[in-house]
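Peer 1: Structure file protein20.pdb, PDB, C-alpha atoms, pLDDT in the B column, is pasted below:
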ATOM      1  CA  MET A 727     -28.403  -7.500  -8.388  1.00 46.00           C
ATOM      2  CA  THR A 728     -24.903  -8.189  -9.702  1.00 53.00           C
ATOM      3  CA  ARG A 729     -23.402  -6.873  -6.489  1.00 55.00           C
ATOM      4  CA  LYS A 730     -25.616  -9.069  -4.351  1.00 57.00           C
ATOM      5  CA  SER A 731     -25.115 -12.163  -6.461  1.00 61.00           C
ATOM      6  CA  SER A 732     -21.356 -11.695  -6.553  1.00 59.00           C
ATOM      7  CA  LEU A 733     -21.379 -11.281  -2.781  1.00 53.00           C
ATOM      8  CA  THR A 734     -23.370 -14.474  -2.442  1.00 57.00           C
ATOM      9  CA  ALA A 735     -20.942 -16.226  -4.771  1.00 58.00           C
ATOM     10  CA  LEU A 736     -18.038 -14.960  -2.704  1.00 51.00           C
ATOM     11  CA  LEU A 737     -19.612 -16.144   0.550  1.00 51.00           C
ATOM     12  CA  LEU A 738     -20.407 -19.532  -0.983  1.00 51.00           C
ATOM     13  CA  GLY A 739     -16.818 -19.718  -2.208  1.00 49.00           C
ATOM     14  CA  ILE A 740     -15.449 -18.912   1.225  1.00 51.00           C
ATOM     15  CA  ALA A 741     -17.817 -21.455   2.792  1.00 52.00           C
ATOM     16  CA  ALA A 742     -16.735 -24.065   0.261  1.00 51.00           C
ATOM     17  CA  ILE A 743     -13.080 -23.405   0.986  1.00 50.00           C
ATOM     18  CA  GLY A 744     -13.850 -23.612   4.701  1.00 49.00           C
ATOM     19  CA  VAL A 745     -15.613 -26.957   4.314  1.00 48.00           C
ATOM     20  CA  ALA A 746     -12.823 -28.275   2.099  1.00 48.00           C
ATOM     21  CA  GLY A 747     -10.253 -27.056   4.623  1.00 47.00           C
ATOM     22  CA  ALA A 748     -12.115 -28.692   7.484  1.00 48.00           C
ATOM     23  CA  ALA A 749     -12.407 -31.945   5.537  1.00 47.00           C
ATOM     24  CA  PHE A 750      -8.717 -32.049   4.645  1.00 51.00           C
ATOM     25  CA  VAL A 751      -7.381 -30.849   7.942  1.00 47.00           C
ATOM     26  CA  ALA A 752      -8.637 -33.112  10.650  1.00 57.00           C
ATOM     27  CA  MET A 753      -6.155 -31.445  12.980  1.00 76.00           C
ATOM     28  CA  PRO A 754      -7.422 -29.456  15.954  1.00 85.00           C
ATOM     29  CA  ALA A 755      -6.647 -25.723  15.911  1.00 83.00           C
ATOM     30  CA  ARG A 756      -4.169 -26.078  18.752  1.00 83.00           C
ATOM     31  CA  ALA A 757      -2.151 -28.721  16.873  1.00 86.00           C
ATOM     32  CA  GLN A 758      -2.278 -26.575  13.735  1.00 88.00           C
ATOM     33  CA  SER A 759      -0.692 -23.627  15.459  1.00 89.00           C
ATOM     34  CA  ASP A 760       1.898 -25.889  17.136  1.00 93.00           C
ATOM     35  CA  VAL A 761       2.904 -27.347  13.769  1.00 95.00           C
ATOM     36  CA  VAL A 762       3.148 -23.840  12.308  1.00 96.00           C
ATOM     37  CA  ALA A 763       5.052 -22.538  15.325  1.00 96.00           C
ATOM     38  CA  SER A 764       7.694 -25.242  14.853  1.00 96.00           C
ATOM     39  CA  ALA A 765       7.951 -24.440  11.141  1.00 97.00           C
ATOM     40  CA  MET A 766       8.339 -20.757  12.000  1.00 97.00           C
ATOM     41  CA  ALA A 767      11.135 -21.622  14.416  1.00 96.00           C
ATOM     42  CA  ALA A 768      12.740 -23.659  11.634  1.00 96.00           C
ATOM     43  CA  GLY A 769      12.434 -20.726   9.212  1.00 96.00           C
ATOM     44  CA  THR A 770      10.273 -22.573   6.683  1.00 97.00           C
ATOM     45  CA  VAL A 771       7.084 -20.605   7.454  1.00 98.00           C
ATOM     46  CA  GLY A 772       6.884 -16.896   8.120  1.00 98.00           C
ATOM     47  CA  GLU A 773       4.639 -13.878   8.424  1.00 98.00           C
ATOM     48  CA  GLN A 774       3.982 -11.708   5.379  1.00 98.00           C
ATOM     49  CA  SER A 775       3.164  -8.006   5.224  1.00 97.00           C
ATOM     50  CA  ASP A 776      -0.153  -8.919   3.573  1.00 96.00           C
ATOM     51  CA  GLY A 777      -1.354 -10.340   6.900  1.00 97.00           C
ATOM     52  CA  TYR A 778      -1.082 -14.007   5.992  1.00 98.00           C
ATOM     53  CA  LEU A 779       1.379 -16.794   6.667  1.00 98.00           C
ATOM     54  CA  GLY A 780       3.632 -17.836   3.821  1.00 97.00           C
ATOM     55  CA  ILE A 781       5.795 -20.833   3.081  1.00 97.00           C
ATOM     56  CA  ALA A 782       9.445 -19.904   2.766  1.00 97.00           C
ATOM     57  CA  GLY A 783      11.084 -23.299   2.451  1.00 93.00           C
ATOM     58  CA  SER A 784      10.330 -26.926   1.857  1.00 95.00           C
ATOM     59  CA  VAL A 785       7.648 -28.214   4.209  1.00 95.00           C
ATOM     60  CA  GLY A 786       5.654 -31.394   4.697  1.00 95.00           C
ATOM     61  CA  ASN A 787       1.975 -31.783   3.883  1.00 96.00           C
ATOM     62  CA  ASP A 788       0.977 -31.328   7.520  1.00 95.00           C
ATOM     63  CA  VAL A 789       2.647 -27.905   7.676  1.00 96.00           C
ATOM     64  CA  HIS A 790       1.263 -26.953   4.279  1.00 96.00           C
ATOM     65  CA  SER A 791      -2.324 -27.710   5.238  1.00 96.00           C
ATOM     66  CA  ALA A 792      -1.948 -26.141   8.687  1.00 96.00           C
ATOM     67  CA  VAL A 793      -0.747 -22.891   7.059  1.00 97.00           C
ATOM     68  CA  GLU A 794      -3.673 -22.968   4.641  1.00 97.00           C
ATOM     69  CA  ALA A 795      -6.164 -23.657   7.413  1.00 97.00           C
ATOM     70  CA  ILE A 796      -4.856 -20.784   9.528  1.00 97.00           C
ATOM     71  CA  ASN A 797      -4.878 -18.414   6.557  1.00 98.00           C
ATOM     72  CA  ILE A 798      -8.511 -19.321   5.833  1.00 97.00           C
ATOM     73  CA  LYS A 799      -9.426 -18.544   9.449  1.00 97.00           C
ATOM     74  CA  ARG A 800      -7.443 -15.323   9.339  1.00 98.00           C
ATOM     75  CA  ARG A 801      -9.286 -14.269   6.224  1.00 98.00           C
ATOM     76  CA  ALA A 802     -12.598 -14.944   7.956  1.00 98.00           C
ATOM     77  CA  ALA A 803     -11.515 -12.826  10.937  1.00 97.00           C
ATOM     78  CA  TYR A 804     -10.297 -10.016   8.632  1.00 98.00           C
ATOM     79  CA  THR A 805     -13.587 -10.137   6.723  1.00 98.00           C
ATOM     80  CA  ASP A 806     -15.576  -9.733   9.971  1.00 97.00           C
ATOM     81  CA  LEU A 807     -13.495  -6.790  11.142  1.00 96.00           C
ATOM     82  CA  ALA A 808     -13.569  -5.173   7.703  1.00 96.00           C
ATOM     83  CA  ALA A 809     -17.375  -5.332   7.699  1.00 96.00           C
ATOM     84  CA  LYS A 810     -17.503  -3.753  11.178  1.00 95.00           C
ATOM     85  CA  ARG A 811     -15.161  -0.919  10.241  1.00 93.00           C
ATOM     86  CA  GLY A 812     -16.299  -0.329   6.686  1.00 93.00           C
ATOM     87  CA  ALA A 813     -12.822  -1.118   5.428  1.00 93.00           C
ATOM     88  CA  THR A 814     -11.630  -3.551   2.797  1.00 94.00           C
ATOM     89  CA  VAL A 815     -10.423  -7.022   3.773  1.00 96.00           C
ATOM     90  CA  ALA A 816      -7.051  -6.193   2.217  1.00 95.00           C
ATOM     91  CA  ASP A 817      -6.654  -3.088   4.401  1.00 93.00           C
ATOM     92  CA  VAL A 818      -7.508  -5.001   7.589  1.00 96.00           C
ATOM     93  CA  ALA A 819      -5.111  -7.746   6.519  1.00 96.00           C
ATOM     94  CA  ALA A 820      -2.367  -5.197   5.769  1.00 95.00           C
ATOM     95  CA  ALA A 821      -2.884  -3.488   9.148  1.00 95.00           C
ATOM     96  CA  THR A 822      -2.569  -6.871  10.846  1.00 97.00           C
ATOM     97  CA  GLY A 823       0.551  -7.560   8.788  1.00 97.00           C
ATOM     98  CA  CYS A 824       2.075  -4.327  10.149  1.00 95.00           C
ATOM     99  CA  GLN A 825       1.378  -5.580  13.675  1.00 96.00           C
ATOM    100  CA  THR A 826       2.778  -9.070  13.202  1.00 97.00           C
ATOM    101  CA  LEU A 827       5.946  -7.730  11.546  1.00 97.00           C
ATOM    102  CA  ALA A 828       6.362  -4.993  14.150  1.00 95.00           C
ATOM    103  CA  SER A 829       5.858  -7.046  17.289  1.00 94.00           C
ATOM    104  CA  ARG A 830       5.464 -10.790  16.733  1.00 95.00           C
ATOM    105  CA  VAL A 831       8.227 -11.922  14.405  1.00 97.00           C
ATOM    106  CA  LYS A 832      11.212 -12.891  16.558  1.00 96.00           C
ATOM    107  CA  PRO A 833      14.901 -12.616  15.635  1.00 96.00           C
ATOM    108  CA  GLY A 834      15.884 -15.590  13.510  1.00 96.00           C
ATOM    109  CA  GLN A 835      12.382 -16.040  12.100  1.00 97.00           C
ATOM    110  CA  VAL A 836      11.659 -15.282   8.464  1.00 98.00           C
ATOM    111  CA  TYR A 837       9.269 -12.690   7.061  1.00 98.00           C
ATOM    112  CA  ARG A 838       8.365 -11.235   3.706  1.00 97.00           C
ATOM    113  CA  ILE A 839       7.320  -7.738   2.660  1.00 97.00           C
ATOM    114  CA  GLY A 840       5.063  -7.553  -0.379  1.00 95.00           C
ATOM    115  CA  THR A 841       6.288  -9.921  -3.048  1.00 93.00           C
ATOM    116  CA  GLY A 842       9.904  -9.463  -2.026  1.00 95.00           C
ATOM    117  CA  ALA A 843      12.347 -12.143  -0.984  1.00 96.00           C
ATOM    118  CA  TRP A 844      12.092 -13.884   2.371  1.00 97.00           C
ATOM    119  CA  GLN A 845      14.307 -12.250   4.953  1.00 97.00           C
ATOM    120  CA  THR A 846      15.494 -13.354   8.357  1.00 97.00           C
ATOM    121  CA  LYS A 847      14.830 -10.954  11.186  1.00 97.00           C
ATOM    122  CA  GLY A 848      17.965  -9.690  12.875  1.00 95.00           C
ATOM    123  CA  SER A 849      18.247  -8.113  16.311  1.00 94.00           C
ATOM    124  CA  GLY A 850      16.782  -4.786  15.199  1.00 94.00           C
ATOM    125  CA  PRO A 851      13.209  -3.962  14.215  1.00 94.00           C
ATOM    126  CA  ILE A 852      11.944  -4.862  10.730  1.00 95.00           C
ATOM    127  CA  ALA A 853      11.832  -1.959   8.265  1.00 94.00           C
ATOM    128  CA  LEU A 854       8.068  -1.777   7.780  1.00 94.00           C
ATOM    129  CA  PRO A 855       6.257  -0.587   4.656  1.00 92.00           C
ATOM    130  CA  SER A 856       5.476   3.153   4.791  1.00 89.00           C
ATOM    131  CA  TYR A 857       1.718   2.582   5.178  1.00 88.00           C
ATOM    132  CA  CYS A 858       2.425   0.962   8.564  1.00 88.00           C
ATOM    133  CA  ALA A 859       3.237   4.378  10.113  1.00 74.00           C
ATOM    134  CA  ASN A 860       2.708   4.258  13.907  1.00 61.00           C
ATOM    135  CA  ALA A 861       2.270   0.512  13.898  1.00 52.00           C
ATOM    136  CA  ASN A 862       3.238   0.304  17.560  1.00 52.00           C
TER     137      ASN A 862
ATOM    138  CA  MET B1492      20.247  72.131 -49.951  1.00 46.00           C
ATOM    139  CA  SER B1493      22.352  69.081 -49.402  1.00 47.00           C
ATOM    140  CA  GLN B1494      22.786  70.166 -45.845  1.00 49.00           C
ATOM    141  CA  ASP B1495      19.033  70.546 -45.525  1.00 51.00           C
ATOM    142  CA  ARG B1496      18.567  66.992 -46.826  1.00 51.00           C
ATOM    143  CA  GLU B1497      21.090  65.645 -44.434  1.00 50.00           C
ATOM    144  CA  TYR B1498      19.193  67.336 -41.675  1.00 53.00           C
ATOM    145  CA  ARG B1499      15.952  65.731 -42.849  1.00 53.00           C
ATOM    146  CA  ASP B1500      17.664  62.323 -42.986  1.00 53.00           C
ATOM    147  CA  GLU B1501      18.811  62.794 -39.475  1.00 53.00           C
ATOM    148  CA  GLY B1502      15.270  63.644 -38.532  1.00 52.00           C
ATOM    149  CA  ARG B1503      13.975  60.483 -40.154  1.00 57.00           C
ATOM    150  CA  MET B1504      16.538  58.421 -38.337  1.00 57.00           C
ATOM    151  CA  ASP B1505      15.339  59.866 -35.079  1.00 70.00           C
ATOM    152  CA  ARG B1506      11.786  58.878 -35.908  1.00 73.00           C
ATOM    153  CA  ASN B1507      12.967  55.347 -36.775  1.00 72.00           C
ATOM    154  CA  THR B1508      14.828  55.119 -33.507  1.00 73.00           C
ATOM    155  CA  LEU B1509      11.715  56.285 -31.692  1.00 71.00           C
ATOM    156  CA  VAL B1510       9.574  53.646 -33.409  1.00 72.00           C
ATOM    157  CA  LEU B1511      12.181  51.008 -32.597  1.00 71.00           C
ATOM    158  CA  ALA B1512      12.305  52.108 -28.992  1.00 69.00           C
ATOM    159  CA  CYS B1513       8.517  51.945 -28.777  1.00 62.00           C
ATOM    160  CA  VAL B1514       8.445  48.452 -30.236  1.00 68.00           C
ATOM    161  CA  ALA B1515      11.233  47.343 -27.934  1.00 65.00           C
ATOM    162  CA  GLY B1516       9.457  48.898 -24.972  1.00 62.00           C
ATOM    163  CA  ALA B1517       6.161  47.273 -25.869  1.00 65.00           C
ATOM    164  CA  SER B1518       7.748  43.872 -26.290  1.00 63.00           C
ATOM    165  CA  LEU B1519       9.583  44.277 -22.984  1.00 59.00           C
ATOM    166  CA  LEU B1520       6.279  45.081 -21.311  1.00 61.00           C
ATOM    167  CA  LEU B1521       4.617  42.083 -22.907  1.00 60.00           C
ATOM    168  CA  GLY B1522       7.530  39.819 -22.073  1.00 60.00           C
ATOM    169  CA  GLY B1523       7.442  40.985 -18.491  1.00 64.00           C
ATOM    170  CA  CYS B1524       3.836  39.929 -18.078  1.00 69.00           C
ATOM    171  CA  ILE B1525       3.188  36.702 -16.167  1.00 72.00           C
ATOM    172  CA  GLN B1526       1.354  34.534 -18.598  1.00 74.00           C
ATOM    173  CA  VAL B1527      -1.363  32.463 -17.005  1.00 75.00           C
ATOM    174  CA  LYS B1528      -2.445  29.754 -19.347  1.00 78.00           C
ATOM    175  CA  ALA B1529      -5.049  27.089 -18.603  1.00 77.00           C
ATOM    176  CA  PRO B1530      -3.514  23.597 -18.823  1.00 74.00           C
ATOM    177  CA  ASP B1531      -4.636  21.394 -21.676  1.00 82.00           C
ATOM    178  CA  LYS B1532      -5.303  18.417 -19.403  1.00 80.00           C
ATOM    179  CA  PRO B1533      -7.321  18.425 -16.197  1.00 78.00           C
ATOM    180  CA  ILE B1534      -5.204  18.506 -13.052  1.00 76.00           C
ATOM    181  CA  GLU B1535      -5.275  15.156 -11.270  1.00 75.00           C
ATOM    182  CA  ILE B1536      -4.348  14.783  -7.632  1.00 70.00           C
ATOM    183  CA  ASN B1537      -3.792  11.219  -6.547  1.00 70.00           C
ATOM    184  CA  LEU B1538      -4.882  10.744  -2.924  1.00 66.00           C
ATOM    185  CA  ASN B1539      -5.125   6.949  -2.960  1.00 65.00           C
ATOM    186  CA  VAL B1540      -1.830   6.291  -1.196  1.00 64.00           C
ATOM    187  CA  LYS B1541      -2.604   8.754   1.581  1.00 66.00           C
ATOM    188  CA  VAL B1542      -6.104   7.407   2.070  1.00 65.00           C
ATOM    189  CA  GLN B1543      -4.853   3.816   2.253  1.00 69.00           C
ATOM    190  CA  GLN B1544      -2.230   4.820   4.802  1.00 73.00           C
ATOM    191  CA  GLU B1545      -4.845   6.555   6.967  1.00 76.00           C
ATOM    192  CA  VAL B1546      -7.135   3.526   6.820  1.00 76.00           C
ATOM    193  CA  VAL B1547      -4.338   1.147   7.769  1.00 79.00           C
ATOM    194  CA  VAL B1548      -3.180   3.426  10.603  1.00 81.00           C
ATOM    195  CA  ARG B1549      -6.757   3.706  11.884  1.00 83.00           C
ATOM    196  CA  LEU B1550      -7.038  -0.100  11.879  1.00 92.00           C
ATOM    197  CA  GLN B1551      -3.841  -0.753  13.867  1.00 91.00           C
ATOM    198  CA  LYS B1552      -5.577  -0.951  17.255  1.00 91.00           C
ATOM    199  CA  ASP B1553      -8.285  -3.246  15.866  1.00 94.00           C
ATOM    200  CA  ALA B1554      -5.611  -5.426  14.285  1.00 95.00           C
ATOM    201  CA  GLN B1555      -3.798  -5.659  17.601  1.00 94.00           C
ATOM    202  CA  SER B1556      -6.988  -6.807  19.375  1.00 95.00           C
ATOM    203  CA  LEU B1557      -7.711  -9.268  16.580  1.00 97.00           C
ATOM    204  CA  ILE B1558      -4.295 -10.879  17.126  1.00 97.00           C
ATOM    205  CA  GLU B1559      -4.704 -10.947  20.920  1.00 96.00           C
ATOM    206  CA  ASN B1560      -8.208 -12.424  20.726  1.00 96.00           C
ATOM    207  CA  ASN B1561      -7.246 -15.167  18.241  1.00 95.00           C
ATOM    208  CA  PRO B1562      -3.914 -16.515  19.511  1.00 94.00           C
ATOM    209  CA  GLU B1563      -4.412 -19.830  17.695  1.00 94.00           C
ATOM    210  CA  LEU B1564      -4.392 -17.945  14.375  1.00 96.00           C
ATOM    211  CA  PHE B1565      -1.126 -16.173  15.222  1.00 97.00           C
ATOM    212  CA  PRO B1566       1.402 -18.751  16.359  1.00 95.00           C
ATOM    213  CA  GLU B1567       4.779 -17.372  17.343  1.00 89.00           C
TER     214      GLU B1567
END
Translate this file's structure into structure tokens.
Peer 2:
Amino acid sequence: MTRKSSLTALLLGIAAIGVAGAAFVAMPARAQSDVVASAMAAGTVGEQSDGYLGIAGSVGNDVHSAVEAINIKRRAAYTDLAAKRGATVADVAAATGCQTLASRVKPGQVYRIGTGAWQTKGSGPIALPSYCANAN
Amino acid sequence: MSQDREYRDEGRMDRNTLVLACVAGASLLLGGCIQVKAPDKPIEINLNVKVQQEVVVRLQKDAQSLIENNPELFPE
């Protein structure tokens, strides 16, 4: 009973966040990712090893809400995959974080591993956390 | 008579030496044994890190597809 009710509460919570996100961000998904892409190029937004986007510098409200909106959608996608594979959302998110750090962050863009400091990617590959073994 | 006593003393010393040797031998034998003693606390083997790594490695391909199928969630 407690498990089911807490699951329901969680789903309601996620739905509420989704509705709130949709209400605040009247931006289409395409524009959201464009805004975030520019911020990533500017080094104010970056990928994190936890599978989510993070804010590394000072950004405007539009960037802030676009990052939040994308992270909410990512979490929904991670939750779906986790349910299909019988894994935790955190593990799916971490596996995705390995992938983004290994192959999507470009030189000059910023990234963060765990709760460490933001770093700028150089010309070489990012030193991934050990649990990312065989990320490529 | 005194000579006889001396002889007996010598005999006693030999017995003492023998006893000493026996004790020494016994303790050597005991000391040479490998002592197997049950530990006081249960042995714990922590497999969490390994398990998490295997799960994450197993999910890499899925994660890759997830990124490819949702390009709007993964701006570059």
Peer 1: Residues of chain A within 7 Å of chain B, counting all atoms listed in the file, what are they? List them as a PyMOL selection string.
Peer 2: chain A and resi 755-756+759+762-763+796+800+817-818+820-822+825+830+857-861
Peer 1: Between CA of Ala768 in chain A and CA of Val793 in chain A, what is the distance in Å, rounded to a tenth?
Peer 2: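 Between CA of Ala768 in chain A and CA of Val793 in chain A the gap is 14.3 Å.
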Peer 1: Given the point (8.0, -22.8, 11.1) in the file's coordinates, find the residues that have an atom at most 9 Å from it, counting all atoms listed in the file, and give them as number ranges by chain.
Peer 2: A: 761-772, 781-782, 785, 789, 835-836; B: 1567
Peer 1: Quick one: everything within 10 Å of Leu827 in chain A, counting only C-alpha atoms, minus sequence neighbours fewer than 3 positions away in the same chain. Send it as a PyMOL selection string.
Peer 2: chain A and resi 772-775+777+822-824+830-832+836-839+847+851-855+858+861
Peer 1: Quick check, in Å to one decimal: how far apart do CA of Arg801 in chain A and CA of Gly850 in chain A lie?
Peer 2: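 The value is 29.2 Å.
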Peer 1: Quick one: distance from CA of Gln758 in chain A to CA of Ala813 in chain A in Å, one decimal?
Peer 2: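 Calculated distance between CA of Gln758 in chain A and CA of Ala813 in chain A is 28.8 Å.
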Peer 1: Nearest to Gly780 in chain A among A:Thr814, A:Ser849, A:Thr841, A:Ser856, with distances taken over only C-alpha atoms: which residue is it?
Peer 2: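 So, comparing all the options, the nearest one is A:Thr841.
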Peer 1: Box along x, y and z, 3 Å on every side, all listed atoms of range 850-856 of chain A inside: centre and edge lengths in Å to one decimal, as AutoDock Vina command-line options.
Peer 2:
--center_x 11.1 --center_y -0.9 --center_z 9.9 --size_x 17.3 --size_y 14.0 --size_z 16.5
